[in-house]
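Novice: Starting off with a structure, shown below.
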Amino acid sequence: MSSVSIPSGTRDFSPVELRRRNYIFDIIKQAFVRFGYSPIETPAMENLITLTGKYGDEGDQLLYKILNSRIHESKDKEKLQAEFNRSLAASTNSSVLTERALRYDLTVPFARYVVMHRNEITLPFKRSQIQPVWRADKPQKGRYREFFQCDADVIGSKSLWNEIELIKLIDYIFTKINLGVCIKLNNRKILSALALMCDAENKVIDLTVAIDKLEKIGMDKVLEELQCKGFSTTAIEKLLPILNLTGSNEEKINTLKVTLANYELGVAGLDELQYVLEQVKTVKTKIEIDLTLARGLNYYTGAIIEVTVNDSRSAFTSSICGGGRYDDLTGIFGMPGVSGVGISFGADRIYDVLLECNLFPDFGVQDESYMCVNFGNTEAPYAAAIVDKLRAAGKSSILYPDADKIKKQMSYANSYNFKYVIVAGSEEIESNSITLKNMISGEQQKISLTDFFAMVE
């Protein structure tokens, strides 16, 4: 068995897999353009101080930190270990060891980007970004250490129409993909009001982090964690009816209006939620209020959005898109008072679901694709000139590089799904023509170059 491998949680992609992935990316990119989001890119690595403290303690533990270059300059193992030990002894926060990390998501780097480029952009700024991110997580089905996120954000506006537009964007993309989903909504202000109701005003993060694990560990374990974080039995008894609340969206809102009537923050969150729901009634995708939806990232302050698969063809349970409102993420970098809201599509999870449901188009034969047979150095220049003209006409075309047996060249054309094979031997060259074979039907015809190029142009 070969000892060659790749890191756990990462993957290679074959040509077929990349065609499928690009199918997803192309739909998302086209939607981003249609909805007016401008693309940007940020570096794979950020300064560690940019990332730490933005994702909660558990998120910080999943950061891939990069050793400072001087730590591993020496090829001498003893010197390397000594330098490593000195660095540990000299620093309690490991800043001597590492000052950079691979990006955990695209939202925090975007906030940093806005602050650094504030004089170059006009607010509100609608941004899209499609790039890989890295997390030192335990790999499992649907969870990778390297994966792509496709983000759409609006920053510099507090208007709820931004949330409404994002919901319409989600509906547009998954309708295009032909996948049934459910858009789940909550509001961080409601969760903060629940903490107040439990006399745990300073434990909002503990509450959201625990609730965010509900799907993974179940209600009993979540309640145990809340008890460990100092939530009293009385507080948990108050929470349970809310976390178990069922019924229509309207029924849930009406119940919460009574429960949270004395909490201004909760009333504000409910008003926001109700307004958004009223404006997306024309959206065909199922929309559901989910009061257990917390998304354990520290920077969310308002709307919380998550998309799950709601399709009988799929057994997939994890979220495939999510996001929310963050009112002061740029303030961490010295630009306070700039509100933003955004969502992130998990391209890798969407890929897994589409593959499971057999929803990818047939990427078999490439339309208008040509391979010229190579008979040797005497005939190859004639074929190469044909390839050049085909490319100039916008057609995918190649000259097989070696003068192998015809059978092998035809097999190659089949393997890479070329629709046509062009045979140009001495007989064709003499008559200034080609023999064109359709690899799907098997039909072939001899045709003059003049007529051929008139046909393809």
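Chain labels follow the order of the structure tokens: the first chain is A, the next B, and so on; residue numbering restarts at 1 in every chain, and ligands are counted from 1 in their shown order.
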Taking only segment 180-411 of chain A into account, list the residues labelled strand (DSSP E) by DSSP (computed from the backbone), as a ChimeraX atom specification.
Specialist: /A:181-187,286-289,303-309,319-326,340-346,366-372,396-399
Novice: Please save C-alpha atoms of the selected residues as a CSV table (one decimal), in the first residue's frame.
Specialist:
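out.csv, freshly written:
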chain,number,residue,atom,x,y,z
A,181,VAL,CA,-34.8,23.3,1.9
A,182,CYS,CA,-36.2,25.0,5.0
A,183,ILE,CA,-35.1,28.5,6.1
A,184,LYS,CA,-35.0,28.7,9.9
A,185,LEU,CA,-35.1,32.0,11.6
A,186,ASN,CA,-34.5,33.3,15.1
A,187,ASN,CA,-33.2,36.6,16.6
A,286,LYS,CA,-40.5,26.9,3.6
A,287,ILE,CA,-39.7,29.4,6.4
A,288,GLU,CA,-39.8,28.4,10.1
A,289,ILE,CA,-39.2,30.2,13.4
A,303,ALA,CA,-31.4,38.0,13.0
A,304,ILE,CA,-30.1,34.4,12.9
A,305,ILE,CA,-30.6,32.4,9.7
A,306,GLU,CA,-30.0,28.7,9.0
A,307,VAL,CA,-30.9,26.5,6.1
A,308,THR,CA,-31.5,22.8,6.4
A,309,VAL,CA,-32.4,20.2,3.8
A,319,SER,CA,-27.1,22.9,7.9
A,320,ILE,CA,-26.0,23.9,4.4
A,321,CYS,CA,-26.3,27.7,4.8
A,322,GLY,CA,-26.4,30.1,7.7
A,323,GLY,CA,-25.6,33.6,8.9
A,324,GLY,CA,-27.0,36.5,10.8
A,325,ARG,CA,-26.8,40.2,11.8
A,326,TYR,CA,-23.7,41.6,13.5
A,340,GLY,CA,-23.8,44.3,8.9
A,341,VAL,CA,-25.7,41.1,8.0
A,342,GLY,CA,-24.7,38.1,5.9
A,343,ILE,CA,-25.1,34.5,5.0
A,344,SER,CA,-22.7,31.7,4.0
A,345,PHE,CA,-23.5,28.8,1.7
A,346,GLY,CA,-21.6,25.6,2.5
A,366,GLN,CA,-18.8,18.1,-23.9
A,367,ASP,CA,-20.9,20.0,-26.6
A,368,GLU,CA,-18.8,21.3,-29.5
A,369,SER,CA,-15.6,19.7,-28.3
A,370,TYR,CA,-13.0,18.3,-30.7
A,371,MET,CA,-9.9,16.1,-30.6
A,372,CYS,CA,-7.6,15.8,-33.6
A,396,SER,CA,-12.9,23.3,-27.0
A,397,SER,CA,-10.3,21.4,-29.0
A,398,ILE,CA,-6.9,19.6,-28.6
A,399,LEU,CA,-4.4,17.8,-30.7
Novice: Sorted by chain and rising residue number, which residues of segment 127-206 of chain A lie within 7 Å of segment 48-66 of chain A, and what are their closest atom pairs and distances in Å to one decimal, counting only C-alpha atoms, as JSON lines?
Specialist:
{"residue": "A:Trp134", "atom": "CA", "partner": "A:Tyr64", "partner_atom": "CA", "distance": 6.9}
{"residue": "A:Arg135", "atom": "CA", "partner": "A:Leu62", "partner_atom": "CA", "distance": 5.2}
{"residue": "A:Ala136", "atom": "CA", "partner": "A:Leu62", "partner_atom": "CA", "distance": 4.5}
{"residue": "A:Asp137", "atom": "CA", "partner": "A:Leu62", "partner_atom": "CA", "distance": 6.0}
Novice: Using only C-alpha atoms, determine which residues lie at most 8 Å from Pro124 of chain A, disregarding the query and same-chain residues fewer than 6 positions distant; provide the list as an mmCIF file with N, CA, C and O atoms, in the first residue's frame.
Specialist:
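The result, written out as out_10.cif:
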data_model
loop_
_atom_site.group_PDB
_atom_site.id
_atom_site.type_symbol
_atom_site.label_atom_id
_atom_site.label_comp_id
_atom_site.auth_asym_id
_atom_site.auth_seq_id
_atom_site.Cartn_x
_atom_site.Cartn_y
_atom_site.Cartn_z
ATOM 1 N N VAL A 154 -24.028 42.438 3.578
ATOM 2 C CA VAL A 154 -24.258 43.872 3.412
ATOM 3 C C VAL A 154 -23.778 44.539 4.688
ATOM 4 O O VAL A 154 -24.208 44.162 5.784
ATOM 5 N N ILE A 155 -22.903 45.514 4.552
ATOM 6 C CA ILE A 155 -22.405 46.207 5.741
ATOM 7 C C ILE A 155 -22.618 47.707 5.570
ATOM 8 O O ILE A 155 -22.519 48.248 4.475
ATOM 9 N N GLY A 156 -22.993 48.359 6.686
ATOM 10 C CA GLY A 156 -23.246 49.797 6.655
ATOM 11 C C GLY A 156 -24.712 50.142 6.557
ATOM 12 O O GLY A 156 -25.073 51.262 6.190
ATOM 13 N N SER A 157 -25.582 49.191 6.912
ATOM 14 C CA SER A 157 -27.022 49.437 6.886
ATOM 15 C C SER A 157 -27.701 48.585 7.942
ATOM 16 O O SER A 157 -27.429 47.392 8.044
#
Novice: Find the residues around Ser192 of chain A up to 10 Å (only C-alpha atoms counted), leave out those fewer than 3 positions away in its own chain, and share them as an MDAnalysis selection string.
Specialist: chainID A and resid 187:189 195:198 200:205 207:208 263 265:266 269 301:302
Novice: If you run DSSP on the backbone here, which positions in segment 326-414 of chain A get alpha helix (DSSP H)? Please write them as a ChimeraX atom specification.
Specialist: /A:347-356,380-392,406-414
Novice: I need the chosen residues saved as a short mmCIF file (atom, residue, chain, number, x, y, z; two decimals), in the first residue's frame, with N, CA, C and O atoms.
Specialist:
data_model
loop_
_atom_site.label_atom_id
_atom_site.label_comp_id
_atom_site.auth_asym_id
_atom_site.auth_seq_id
_atom_site.Cartn_x
_atom_site.Cartn_y
_atom_site.Cartn_z
N ALA A 347 -20.63 25.17 0.30
CA ALA A 347 -20.58 24.52 -1.01
C ALA A 347 -20.31 23.02 -0.90
O ALA A 347 -20.86 22.22 -1.66
N ASP A 348 -19.47 22.63 0.04
CA ASP A 348 -19.11 21.21 0.17
C ASP A 348 -20.29 20.38 0.64
O ASP A 348 -20.51 19.26 0.17
N ARG A 349 -21.05 20.91 1.58
CA ARG A 349 -22.24 20.18 2.05
C ARG A 349 -23.33 20.16 0.97
O ARG A 349 -24.02 19.16 0.81
N ILE A 350 -23.47 21.26 0.26
CA ILE A 350 -24.44 21.28 -0.84
C ILE A 350 -24.06 20.23 -1.88
O ILE A 350 -24.93 19.52 -2.40
N TYR A 351 -22.77 20.12 -2.16
CA TYR A 351 -22.29 19.10 -3.10
C TYR A 351 -22.71 17.71 -2.64
O TYR A 351 -23.24 16.91 -3.42
N ASP A 352 -22.47 17.40 -1.38
CA ASP A 352 -22.80 16.07 -0.85
C ASP A 352 -24.29 15.77 -0.99
O ASP A 352 -24.68 14.65 -1.32
N VAL A 353 -25.13 16.78 -0.73
CA VAL A 353 -26.57 16.57 -0.82
C VAL A 353 -27.00 16.36 -2.27
O VAL A 353 -27.81 15.47 -2.58
N LEU A 354 -26.48 17.18 -3.19
CA LEU A 354 -26.85 17.04 -4.60
C LEU A 354 -26.41 15.69 -5.14
O LEU A 354 -27.12 15.07 -5.95
N LEU A 355 -25.25 15.22 -4.68
CA LEU A 355 -24.76 13.90 -5.12
C LEU A 355 -25.68 12.81 -4.59
O LEU A 355 -26.06 11.88 -5.32
N GLU A 356 -26.07 12.93 -3.32
CA GLU A 356 -26.97 11.96 -2.70
C GLU A 356 -28.31 11.91 -3.43
O GLU A 356 -28.89 10.83 -3.64
N ALA A 380 0.92 16.34 -38.21
CA ALA A 380 0.52 17.09 -37.02
C ALA A 380 0.35 18.59 -37.26
O ALA A 380 -0.60 19.20 -36.74
N PRO A 381 1.24 19.27 -38.03
CA PRO A 381 1.04 20.71 -38.25
C PRO A 381 -0.30 21.04 -38.90
O PRO A 381 -0.92 22.07 -38.58
N TYR A 382 -0.77 20.19 -39.80
CA TYR A 382 -2.08 20.39 -40.44
C TYR A 382 -3.19 20.33 -39.39
O TYR A 382 -4.10 21.17 -39.36
N ALA A 383 -3.12 19.31 -38.53
CA ALA A 383 -4.12 19.16 -37.48
C ALA A 383 -4.03 20.30 -36.46
O ALA A 383 -5.04 20.81 -35.97
N ALA A 384 -2.79 20.72 -36.13
CA ALA A 384 -2.61 21.80 -35.16
C ALA A 384 -3.22 23.10 -35.66
O ALA A 384 -3.80 23.88 -34.87
N ALA A 385 -3.13 23.35 -36.96
CA ALA A 385 -3.73 24.57 -37.53
C ALA A 385 -5.24 24.52 -37.41
O ALA A 385 -5.90 25.55 -37.16
N ILE A 386 -5.83 23.32 -37.56
CA ILE A 386 -7.28 23.16 -37.38
C ILE A 386 -7.67 23.46 -35.94
O ILE A 386 -8.66 24.16 -35.67
N VAL A 387 -6.88 22.95 -34.99
CA VAL A 387 -7.13 23.19 -33.57
C VAL A 387 -7.09 24.69 -33.26
O VAL A 387 -7.96 25.22 -32.56
N ASP A 388 -6.11 25.39 -33.83
CA ASP A 388 -5.99 26.83 -33.59
C ASP A 388 -7.23 27.58 -34.08
O ASP A 388 -7.74 28.48 -33.40
N LYS A 389 -7.72 27.20 -35.26
CA LYS A 389 -8.91 27.87 -35.81
C LYS A 389 -10.15 27.56 -34.99
O LYS A 389 -11.01 28.42 -34.81
N LEU A 390 -10.26 26.32 -34.51
CA LEU A 390 -11.40 25.95 -33.68
C LEU A 390 -11.40 26.75 -32.38
O LEU A 390 -12.44 27.23 -31.92
N ARG A 391 -10.24 26.89 -31.77
CA ARG A 391 -10.15 27.67 -30.53
C ARG A 391 -10.51 29.13 -30.77
O ARG A 391 -11.18 29.77 -29.95
N ALA A 392 -10.06 29.66 -31.93
CA ALA A 392 -10.38 31.04 -32.27
C ALA A 392 -11.88 31.22 -32.45
O ALA A 392 -12.42 32.31 -32.21
N ILE A 406 -4.41 4.38 -33.47
CA ILE A 406 -5.71 5.05 -33.55
C ILE A 406 -6.65 4.58 -32.45
O ILE A 406 -7.38 5.38 -31.86
N LYS A 407 -6.64 3.29 -32.16
CA LYS A 407 -7.52 2.74 -31.14
C LYS A 407 -7.28 3.41 -29.79
O LYS A 407 -8.23 3.75 -29.06
N LYS A 408 -6.02 3.62 -29.45
CA LYS A 408 -5.69 4.25 -28.17
C LYS A 408 -6.15 5.70 -28.15
O LYS A 408 -6.67 6.20 -27.14
N GLN A 409 -6.00 6.41 -29.28
CA GLN A 409 -6.41 7.81 -29.35
C GLN A 409 -7.93 7.95 -29.25
O GLN A 409 -8.44 8.85 -28.59
N MET A 410 -8.64 7.02 -29.89
CA MET A 410 -10.10 7.04 -29.81
C MET A 410 -10.57 6.74 -28.38
O MET A 410 -11.53 7.35 -27.89
N SER A 411 -9.87 5.83 -27.72
CA SER A 411 -10.20 5.52 -26.33
C SER A 411 -10.00 6.74 -25.44
O SER A 411 -10.79 7.01 -24.53
N TYR A 412 -8.94 7.50 -25.71
CA TYR A 412 -8.66 8.72 -24.96
C TYR A 412 -9.80 9.73 -25.15
O TYR A 412 -10.27 10.36 -24.19
N ALA A 413 -10.25 9.89 -26.40
CA ALA A 413 -11.34 10.82 -26.70
C ALA A 413 -12.61 10.44 -25.94
O ALA A 413 -13.34 11.30 -25.44
N ASN A 414 -12.86 9.13 -25.84
CA ASN A 414 -14.02 8.66 -25.08
C ASN A 414 -13.87 8.96 -23.59
O ASN A 414 -14.81 9.36 -22.92
#
Novice: Wanna dump the segment 137-181 of chain A-segment 20-43 of chain A contacts at 9 Å for me, each residue with its shortest atom pair and the distance in Å to one decimal, counting only C-alpha atoms, ordered by chain and number, as JSON lines?
Specialist:
{"residue": "A:Cys150", "atom": "CA", "partner": "A:Ile28", "partner_atom": "CA", "distance": 7.6}
{"residue": "A:Ala152", "atom": "CA", "partner": "A:Tyr37", "partner_atom": "CA", "distance": 6.8}
{"residue": "A:Asp153", "atom": "CA", "partner": "A:Tyr37", "partner_atom": "CA", "distance": 7.8}
{"residue": "A:Val154", "atom": "CA", "partner": "A:Tyr37", "partner_atom": "CA", "distance": 8.3}
{"residue": "A:Glu165", "atom": "CA", "partner": "A:Phe35", "partner_atom": "CA", "distance": 8.2}
{"residue": "A:Leu169", "atom": "CA", "partner": "A:Ala31", "partner_atom": "CA", "distance": 7.2}
{"residue": "A:Tyr172", "atom": "CA", "partner": "A:Ala31", "partner_atom": "CA", "distance": 7.4}
{"residue": "A:Ile173", "atom": "CA", "partner": "A:Ile28", "partner_atom": "CA", "distance": 6.4}
{"residue": "A:Lys176", "atom": "CA", "partner": "A:Ile27", "partner_atom": "CA", "distance": 7.3}
{"residue": "A:Ile177", "atom": "CA", "partner": "A:Ile27", "partner_atom": "CA", "distance": 7.7}
Novice: Let me see the file: selected residues, C-alpha atoms, as a CSV table (one decimal), in the first residue's frame.
Specialist:
chain,number,residue,atom,x,y,z
A,150,CYS,CA,-19.7,31.3,-0.4
A,152,ALA,CA,-23.0,37.4,0.7
A,153,ASP,CA,-23.0,40.3,3.2
A,154,VAL,CA,-24.3,43.9,3.4
A,165,GLU,CA,-33.1,40.2,0.4
A,169,LEU,CA,-31.3,35.1,-2.4
A,172,TYR,CA,-33.4,31.8,-5.6
A,173,ILE,CA,-30.3,29.7,-5.3
A,176,LYS,CA,-32.1,27.0,-9.2
A,177,ILE,CA,-30.4,23.9,-7.7
Novice: Atom CA of Ile190 of chain A and atom CA of Cys228 of chain A, how far apart in Å?
Specialist: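 Computing the Euclidean distance for atom CA of Cys228 of chain A and atom CA of Ile190 of chain A yields 22.4 Å.
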Novice: Would you mind reading off the distance between atom CA of Glu146 of chain A and atom CA of Pro132 of chain A, one decimal, in Å?
Specialist: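 It comes out at 6.6 Å.
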Novice: Could you tell me how far atom CA of Arg143 of chain A sits from atom CA of Glu99 of chain A, in Å to one decimal place?
Specialist: 26.5 Å
Novice: What lies within 12 Å of Lys446 of chain A using only C-alpha atoms, ignoring chain neighbours under 5 positions off, as an MDAnalysis selection string?
Specialist: chainID A and resid 421:425 427:429 431:438 451:452
Novice: Would you export the selected residues with C-alpha atoms as a short mmCIF file (atom, residue, chain, number, x, y, z; two decimals), in the first residue's frame, please?
Specialist:
data_model
loop_
_atom_site.label_atom_id
_atom_site.label_comp_id
_atom_site.auth_asym_id
_atom_site.auth_seq_id
_atom_site.Cartn_x
_atom_site.Cartn_y
_atom_site.Cartn_z
CA VAL A 421 -12.81 13.32 -33.37
CA ILE A 422 -11.09 14.86 -36.39
CA VAL A 423 -9.05 12.53 -38.57
CA ALA A 424 -6.56 14.32 -40.80
CA GLY A 425 -4.15 11.89 -42.47
CA GLU A 427 -5.40 11.57 -47.78
CA GLU A 428 -7.30 14.36 -46.03
CA ILE A 429 -4.33 16.73 -46.26
CA SER A 431 -7.71 16.98 -50.56
CA ASN A 432 -7.69 19.85 -48.00
CA SER A 433 -10.38 18.13 -45.95
CA ILE A 434 -10.99 16.18 -42.71
CA THR A 435 -12.90 13.11 -41.63
CA LEU A 436 -15.24 14.10 -38.79
CA LYS A 437 -16.49 11.40 -36.41
CA ASN A 438 -19.37 11.93 -33.99
CA ASP A 451 -17.33 23.67 -45.35
CA PHE A 452 -16.23 22.48 -41.90
#
Novice: Restricting the calculation to only C-alpha atoms, which member of A:Thr122, A:Thr98, A:Thr450, A:Ser8 is positioned closest to Met45 of chain A?
Specialist: A:Thr98
Novice: Counting only C-alpha atoms, figure out which residue out of A:Ile164, A:Asp212, A:Glu430, A:Ser14 gets nearest to Ala294 of chain A.
Specialist: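 The closest residue to Ala294 of chain A is A:Asp212.
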